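What follows is the content of query_1.cif (mmCIF, C-alpha atoms).
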```cif
data_model
#
loop_
_atom_site.label_atom_id
_atom_site.label_comp_id
_atom_site.auth_asym_id
_atom_site.auth_seq_id
_atom_site.Cartn_x
_atom_site.Cartn_y
_atom_site.Cartn_z
CA MET A 1 -52.27 10.83 -28.66
CA LYS A 2 -51.50 14.11 -26.91
CA THR A 3 -50.99 12.19 -23.65
CA LYS A 4 -48.53 9.88 -25.38
CA TYR A 5 -46.49 12.80 -26.73
CA LEU A 6 -46.60 14.49 -23.33
CA SER A 7 -45.25 11.35 -21.67
CA LEU A 8 -42.47 11.05 -24.24
CA GLY A 9 -41.63 14.70 -23.72
CA LEU A 10 -41.40 14.27 -19.96
CA ILE A 11 -39.21 11.18 -20.32
CA THR A 12 -36.91 13.02 -22.73
CA ALA A 13 -36.67 16.00 -20.39
CA PHE A 14 -35.87 13.68 -17.46
CA VAL A 15 -33.13 11.91 -19.44
CA VAL A 16 -31.57 15.21 -20.51
CA LEU A 17 -31.71 16.59 -16.95
CA SER A 18 -30.19 13.39 -15.53
CA SER A 19 -27.41 13.50 -18.11
CA CYS A 20 -26.64 17.10 -17.19
CA ILE A 21 -26.46 16.19 -13.50
CA VAL A 22 -24.13 13.27 -14.20
CA LEU A 23 -21.98 15.43 -16.47
CA LYS A 24 -21.76 18.15 -13.83
CA GLN A 25 -20.82 15.52 -11.23
CA ASN A 26 -18.06 14.23 -13.49
CA GLU A 27 -16.76 17.74 -14.09
CA LYS A 28 -15.99 18.11 -10.41
CA PRO A 29 -12.62 16.87 -9.16
CA THR A 30 -12.59 13.89 -6.83
CA LEU A 31 -10.61 13.31 -3.66
CA PHE A 32 -9.91 9.58 -3.50
CA LEU A 33 -8.90 8.07 -0.15
CA ILE A 34 -6.88 4.85 0.00
CA GLY A 35 -5.62 3.13 3.12
CA ASP A 36 -6.46 0.59 5.79
CA SER A 37 -9.16 0.29 8.48
CA THR A 38 -8.03 3.44 10.27
CA VAL A 39 -9.25 5.31 7.16
CA LYS A 40 -12.37 3.17 6.63
CA ASN A 41 -13.31 0.47 9.09
CA GLY A 42 -15.51 -2.26 7.63
CA LYS A 43 -18.07 -0.66 5.32
CA GLY A 44 -17.49 2.71 6.93
CA LYS A 45 -20.72 2.59 8.92
CA GLY A 46 -19.33 2.26 12.44
CA ASP A 47 -19.73 -1.48 12.92
CA GLY A 48 -18.65 -2.34 16.47
CA SER A 49 -18.36 1.41 17.18
CA LEU A 50 -15.10 1.44 15.21
CA TRP A 51 -14.62 4.27 12.72
CA GLY A 52 -11.93 5.47 10.33
CA TRP A 53 -11.32 9.17 9.76
CA GLY A 54 -12.21 8.87 6.06
CA SER A 55 -15.87 8.41 6.98
CA PHE A 56 -16.03 11.97 8.31
CA ILE A 57 -13.60 14.01 6.26
CA GLY A 58 -16.26 14.70 3.63
CA GLU A 59 -18.09 16.83 6.20
CA LEU A 60 -15.18 19.28 6.09
CA PHE A 61 -15.22 19.75 2.31
CA ASP A 62 -17.66 21.59 0.08
CA THR A 63 -19.09 18.59 -1.74
CA ASN A 64 -20.85 20.91 -4.18
CA LYS A 65 -17.39 21.53 -5.60
CA ILE A 66 -15.56 18.23 -5.04
CA ASN A 67 -16.48 14.55 -4.79
CA ILE A 68 -15.11 12.45 -1.91
CA GLU A 69 -14.60 8.74 -2.52
CA ASN A 70 -13.31 6.55 0.30
CA ASN A 71 -11.75 3.41 -1.17
CA ALA A 72 -9.78 2.35 1.90
CA LEU A 73 -10.14 -1.26 3.05
CA GLY A 74 -9.43 -2.76 6.44
CA GLY A 75 -6.63 -5.28 6.71
CA THR A 76 -4.67 -3.99 3.75
CA SER A 77 -1.07 -2.86 3.59
CA SER A 78 0.63 -0.70 0.97
CA ARG A 79 1.50 -4.01 -0.70
CA THR A 80 -1.80 -5.89 -0.63
CA PHE A 81 -3.85 -2.86 -1.64
CA GLN A 82 -1.97 -3.17 -4.91
CA THR A 83 -1.38 -6.91 -5.27
CA ASN A 84 -4.95 -7.89 -4.32
CA GLY A 85 -6.42 -5.85 -7.15
CA LEU A 86 -7.81 -2.95 -5.12
CA TRP A 87 -5.68 -0.21 -6.62
CA GLU A 88 -6.32 -0.85 -10.32
CA PRO A 89 -10.06 0.00 -10.28
CA VAL A 90 -9.37 3.18 -8.29
CA LEU A 91 -6.57 4.18 -10.65
CA ALA A 92 -8.87 3.62 -13.64
CA LYS A 93 -11.27 6.26 -12.27
CA ILE A 94 -8.65 8.90 -11.52
CA LYS A 95 -8.60 11.81 -13.97
CA LYS A 96 -6.50 14.91 -14.41
CA GLY A 97 -7.16 17.39 -11.61
CA ASP A 98 -8.16 14.76 -9.04
CA PHE A 99 -6.48 14.17 -5.68
CA VAL A 100 -5.47 10.92 -3.98
CA MET A 101 -4.77 10.87 -0.25
CA MET A 102 -3.06 7.74 1.07
CA GLN A 103 -2.37 6.42 4.56
CA PHE A 104 -0.74 3.04 5.05
CA GLY A 105 1.56 1.50 7.64
CA HIS A 106 -0.45 -0.26 10.31
CA ASN A 107 -0.40 -3.61 8.52
CA ASP A 108 2.92 -3.28 6.72
CA SER A 109 4.79 -4.59 9.77
CA SER A 110 3.04 -7.97 9.43
CA PRO A 111 4.97 -11.05 8.22
CA LEU A 112 5.71 -11.26 4.51
CA ASP A 113 4.55 -14.83 4.05
CA ASP A 114 2.40 -16.00 6.95
CA THR A 115 -0.58 -18.26 6.28
CA ALA A 116 -3.04 -15.73 7.74
CA ARG A 117 -2.68 -12.73 5.40
CA ALA A 118 0.83 -12.48 3.90
CA ARG A 119 0.58 -8.71 3.76
CA GLY A 120 3.82 -7.36 5.22
CA THR A 121 6.40 -5.24 3.41
CA ILE A 122 10.15 -4.99 3.84
CA LYS A 123 10.95 -2.30 6.41
CA GLY A 124 12.27 0.99 5.11
CA ILE A 125 12.08 2.94 1.87
CA GLY A 126 14.94 1.45 -0.12
CA THR A 127 15.04 -0.66 -3.27
CA GLU A 128 15.48 -4.02 -1.54
CA SER A 129 13.25 -6.91 -2.54
CA LYS A 130 12.72 -10.51 -1.50
CA GLU A 131 11.15 -13.38 -3.36
CA ILE A 132 8.78 -15.38 -1.18
CA TYR A 133 6.19 -18.09 -1.57
CA ASN A 134 2.80 -16.53 -0.89
CA PRO A 135 0.79 -19.25 0.90
CA ILE A 136 -2.47 -17.34 0.37
CA LYS A 137 -2.10 -17.10 -3.41
CA LYS A 138 -0.05 -20.30 -3.62
CA LYS A 139 2.59 -18.77 -5.86
CA GLN A 140 5.93 -16.97 -5.78
CA GLU A 141 5.89 -13.23 -5.20
CA VAL A 142 8.56 -10.56 -5.10
CA VAL A 143 7.97 -8.31 -2.08
CA PHE A 144 9.39 -4.78 -1.89
CA THR A 145 9.83 -2.14 0.80
CA TYR A 146 7.11 0.03 2.29
CA GLY A 147 8.64 3.01 0.50
CA TRP A 148 8.68 1.18 -2.83
CA TYR A 149 4.93 0.61 -2.70
CA LEU A 150 4.25 4.22 -1.68
CA ARG A 151 6.36 5.42 -4.61
CA LYS A 152 4.37 3.16 -6.93
CA PHE A 153 1.14 4.83 -5.79
CA ILE A 154 2.69 8.27 -6.20
CA ASN A 155 4.04 7.62 -9.70
CA ASP A 156 0.76 6.08 -10.87
CA ILE A 157 -1.18 9.10 -9.60
CA LYS A 158 1.20 11.61 -11.19
CA ALA A 159 0.95 9.76 -14.51
CA LYS A 160 -2.81 10.40 -14.49
CA GLY A 161 -2.31 14.13 -13.97
CA ALA A 162 -3.66 13.92 -10.42
CA THR A 163 -2.17 15.08 -7.12
CA PRO A 164 -0.88 12.55 -4.54
CA ILE A 165 -0.97 13.42 -0.85
CA VAL A 166 0.78 11.20 1.69
CA CYS A 167 -0.42 10.98 5.30
CA SER A 168 1.63 9.33 7.99
CA PRO A 169 -0.32 6.57 9.80
CA ILE A 170 -2.34 7.53 12.87
CA PRO A 171 -0.83 6.50 16.22
CA ARG A 172 -2.30 3.62 18.15
CA ASN A 173 -4.01 4.06 21.51
CA PRO A 174 -1.31 5.74 23.64
CA LEU A 175 -2.83 4.88 27.02
CA LYS A 176 -0.82 2.59 29.25
CA ASP A 177 -1.64 2.09 32.92
CA GLY A 178 -3.82 5.19 32.82
CA LYS A 179 -1.10 7.39 31.38
CA ILE A 180 -0.40 8.74 27.90
CA VAL A 181 2.73 7.11 26.46
CA LEU A 182 3.65 8.49 23.04
CA ALA A 183 6.00 6.32 20.97
CA ASN A 184 7.95 7.01 17.80
CA ASP A 185 6.61 5.35 14.66
CA SER A 186 9.06 4.22 11.98
CA TYR A 187 6.34 4.16 9.34
CA ALA A 188 5.48 7.79 10.05
CA LYS A 189 9.11 8.72 9.44
CA TRP A 190 9.34 6.61 6.29
CA ALA A 191 6.12 8.08 4.88
CA GLU A 192 7.55 11.57 5.34
CA GLU A 193 10.88 10.63 3.76
CA VAL A 194 9.17 9.18 0.68
CA ALA A 195 6.90 12.22 0.27
CA LYS A 196 9.86 14.60 0.51
CA ALA A 197 11.97 12.54 -1.90
CA GLU A 198 9.13 12.46 -4.43
CA ASN A 199 8.31 16.15 -3.86
CA VAL A 200 4.65 15.57 -3.04
CA ASP A 201 2.41 16.96 -0.32
CA PHE A 202 2.77 15.36 3.10
CA ILE A 203 0.49 15.58 6.14
CA PRO A 204 2.28 14.62 9.38
CA LEU A 205 -0.92 13.10 10.74
CA ASN A 206 0.90 10.86 13.20
CA GLN A 207 2.61 13.83 14.86
CA LEU A 208 -0.45 16.10 14.70
CA ILE A 209 -2.51 13.51 16.57
CA LYS A 210 0.24 12.83 19.09
CA ASP A 211 0.58 16.56 19.76
CA ASN A 212 -3.15 16.68 20.40
CA TYR A 213 -3.02 13.67 22.72
CA GLY A 214 0.01 15.05 24.54
CA ALA A 215 -1.84 18.27 25.33
CA ALA A 216 -4.92 16.40 26.56
CA SER A 217 -5.71 14.41 29.68
CA ALA A 218 -5.64 10.62 29.76
CA ASP A 219 -9.37 10.66 30.51
CA LEU A 220 -10.08 12.65 27.36
CA VAL A 221 -7.87 10.50 25.13
CA LYS A 222 -9.64 7.42 26.48
CA THR A 223 -12.89 8.70 24.97
CA TYR A 224 -11.38 8.44 21.47
CA PHE A 225 -11.06 4.65 21.59
CA THR A 226 -13.14 1.59 22.41
CA GLU A 227 -11.91 -1.23 24.60
CA LYS A 228 -12.00 -3.66 21.65
CA ASP A 229 -8.39 -3.07 20.57
CA HIS A 230 -5.56 -0.54 20.73
CA THR A 231 -5.62 0.58 17.09
CA HIS A 232 -9.08 1.69 15.97
CA THR A 233 -10.80 4.89 16.98
CA ASN A 234 -14.46 5.34 17.81
CA GLU A 235 -16.57 8.09 16.22
CA ALA A 236 -15.14 10.84 18.42
CA GLY A 237 -11.57 9.75 17.72
CA ALA A 238 -12.18 9.44 13.98
CA LYS A 239 -13.74 12.90 13.81
CA LEU A 240 -10.77 14.34 15.67
CA ASN A 241 -8.39 12.66 13.23
CA ALA A 242 -10.37 13.94 10.23
CA SER A 243 -10.14 17.48 11.61
CA LEU A 244 -6.38 17.08 12.02
CA VAL A 245 -6.02 15.84 8.44
CA VAL A 246 -7.62 19.12 7.39
CA ALA A 247 -5.47 21.09 9.84
CA GLY A 248 -2.41 19.53 8.24
CA LEU A 249 -3.78 20.22 4.78
CA LYS A 250 -4.19 23.91 5.61
CA THR A 251 -0.46 24.19 6.34
CA LEU A 252 0.34 23.15 2.75
CA LYS A 253 0.54 26.59 1.18
CA ASN A 254 0.54 25.44 -2.43
CA SER A 255 -2.08 22.71 -2.12
CA LYS A 256 -4.88 23.11 -4.68
CA LEU A 257 -7.07 20.90 -2.50
CA ASN A 258 -7.42 23.67 0.10
CA LYS A 259 -9.82 25.68 -2.04
CA TYR A 260 -12.42 22.92 -1.68
CA LEU A 261 -12.52 23.08 2.11
CA LYS A 262 -15.53 24.58 3.85
#
```
Output the structure of this file as structure tokens.
Amino acid sequence: MKTKYLSLGLITAFVVLSSCIVLKQNEKPTLFLIGDSTVKNGKGKGDGSLWGWGSFIGELFDTNKINIENNALGGTSSRTFQTNGLWEPVLAKIKKGDFVMMQFGHNDSSPLDDTARARGTIKGIGTESKEIYNPIKKKQEVVFTYGWYLRKFINDIKAKGATPIVCSPIPRNPLKDGKIVLANDSYAKWAEEVAKAENVDFIPLNQLIKDNYGAASADLVKTYFTEKDHTHTNEAGAKLNASLVVAGLKTLKNSKLNKYLK
């Protein structure tokens, strides 16, 4: 009988302790990451030696004080992250005091209505829209601008009492014929314009990375990429990009997220 009561007591204590741990975990704010494969490639485990910076940024935060949740998905654009049902479950988890860092642009330049992915957005940040037939979903869809979709994210996040942070998309592999060739990126400019117009924090990640590349040798920059494609970084490149996200974050004087950095 005593053994039975002892067992029940241990089970009760375990349940109470587990509940306290879960409660404490929920009390912490969360930094949610949303974006494409340059934020999380595949399942975020380095398949094919390709990595997104979101897989390493948690190493730069004090995770005893903040949770990091990487919800980015490869192949998505600012449009399809919303229209394919990826944003709603993330939004449902966001609570007051949380942070959401977004980086889109690499796939937004795709066609609006191709039979492969139909993921593109209208170029720019205006209010233009176009009705198309989506051959993937086999129905009509109204497509908006890149800026429109970013603003939708921002407004949804603000409505939850959380803090949106916009990152400009990372540059692609700048090496050409053994030399570093840095090109302007329209999506980087549009991301900045939207962030400024909406008065939210902006990290000029595209420019921070290009500045780093420009000060490095071609041989060093080559070590940040694989030979598989010209977009995705390897582990070294992703870790560099994560460090530059944090470097950009530190320049935001009024960012409440800074206090959670190591």
>> From (-2.0, 17.5, 4.5), in the file's coordinates, out to 12 Å: which residues are reached, counting all atoms listed in the file? Answer as number ranges by chain.
In response: A: 99-103, 163-168, 192, 195, 200-208, 241-258
> At what distance in Å, to one decimal, does atom CA of A:Ile68 lie from atom CA of A:Phe81?
Replying inline: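 Atom-to-atom, atom CA of A:Phe81 to atom CA of A:Ile68, that is 19.0 Å.
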>> Can you measure atom CA of A:Thr76 to atom CA of A:Ile136 for me? One decimal in Å is fine.
In response: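 Pair atom CA of A:Thr76 / atom CA of A:Ile136 returns 13.9 Å.
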> Taking the file as shown, what set of residues would the PyMOL selection byres ((chain A and resi 132) around 12) give back, as a list in words?
Replying inline: Pro111, Leu112, Asp113, Asp114, Ala118, Arg119, Gly120, Thr121, Ile122, Ser129, Lys130, Glu131, Tyr133, Asn134, Pro135, Ile136, Lys137, Lys138, Lys139, Gln140, Glu141, Val142, Val143 and Phe144 of chain A
> So, counting all atoms listed in the file, which residue among A:Lys28, A:Gly147, A:Asp211, A:Pro89 is closest to A:Thr63?
Replying inline: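 Nearest candidate to A:Thr63 out of A:Lys28, A:Gly147, A:Asp211, A:Pro89: A:Lys28.
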>> Measuring between all atoms listed in the file, which one of A:Asn155, A:Ser49, A:Ser217, A:Ser37 shows the shortest distance to A:Ala236?
In response: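 Ranking A:Asn155, A:Ser49, A:Ser217, A:Ser37 by distance to A:Ala236, first place goes to A:Ser49.
Listed by chain and then by number, the residues chosen by the PyMOL selection byres ((chain A and resi 238) around 8) in this file are Trp51, Gly52, Trp53, Gly54, Ser55, Phe56, Tyr224, Thr233, Asn234, Glu235, Ala236, Gly237, Lys239, Leu240, Asn241 and Ala242 of chain A.
In this comparison, which uses all atoms listed in the file, the residue of A:Ile154, A:Ile180, A:Leu261, A:Tyr146 approaching A:Ala215 most closely is A:Ile180.
The closest residue to A:Asp36, picked from A:Asp108, A:Asp177, A:Asp98, A:Asp229 and counting only C-alpha atoms, is A:Asp108.
Counting from atom CA of A:Asp156, the distance to atom CA of A:Asn107 is 21.7 Å.
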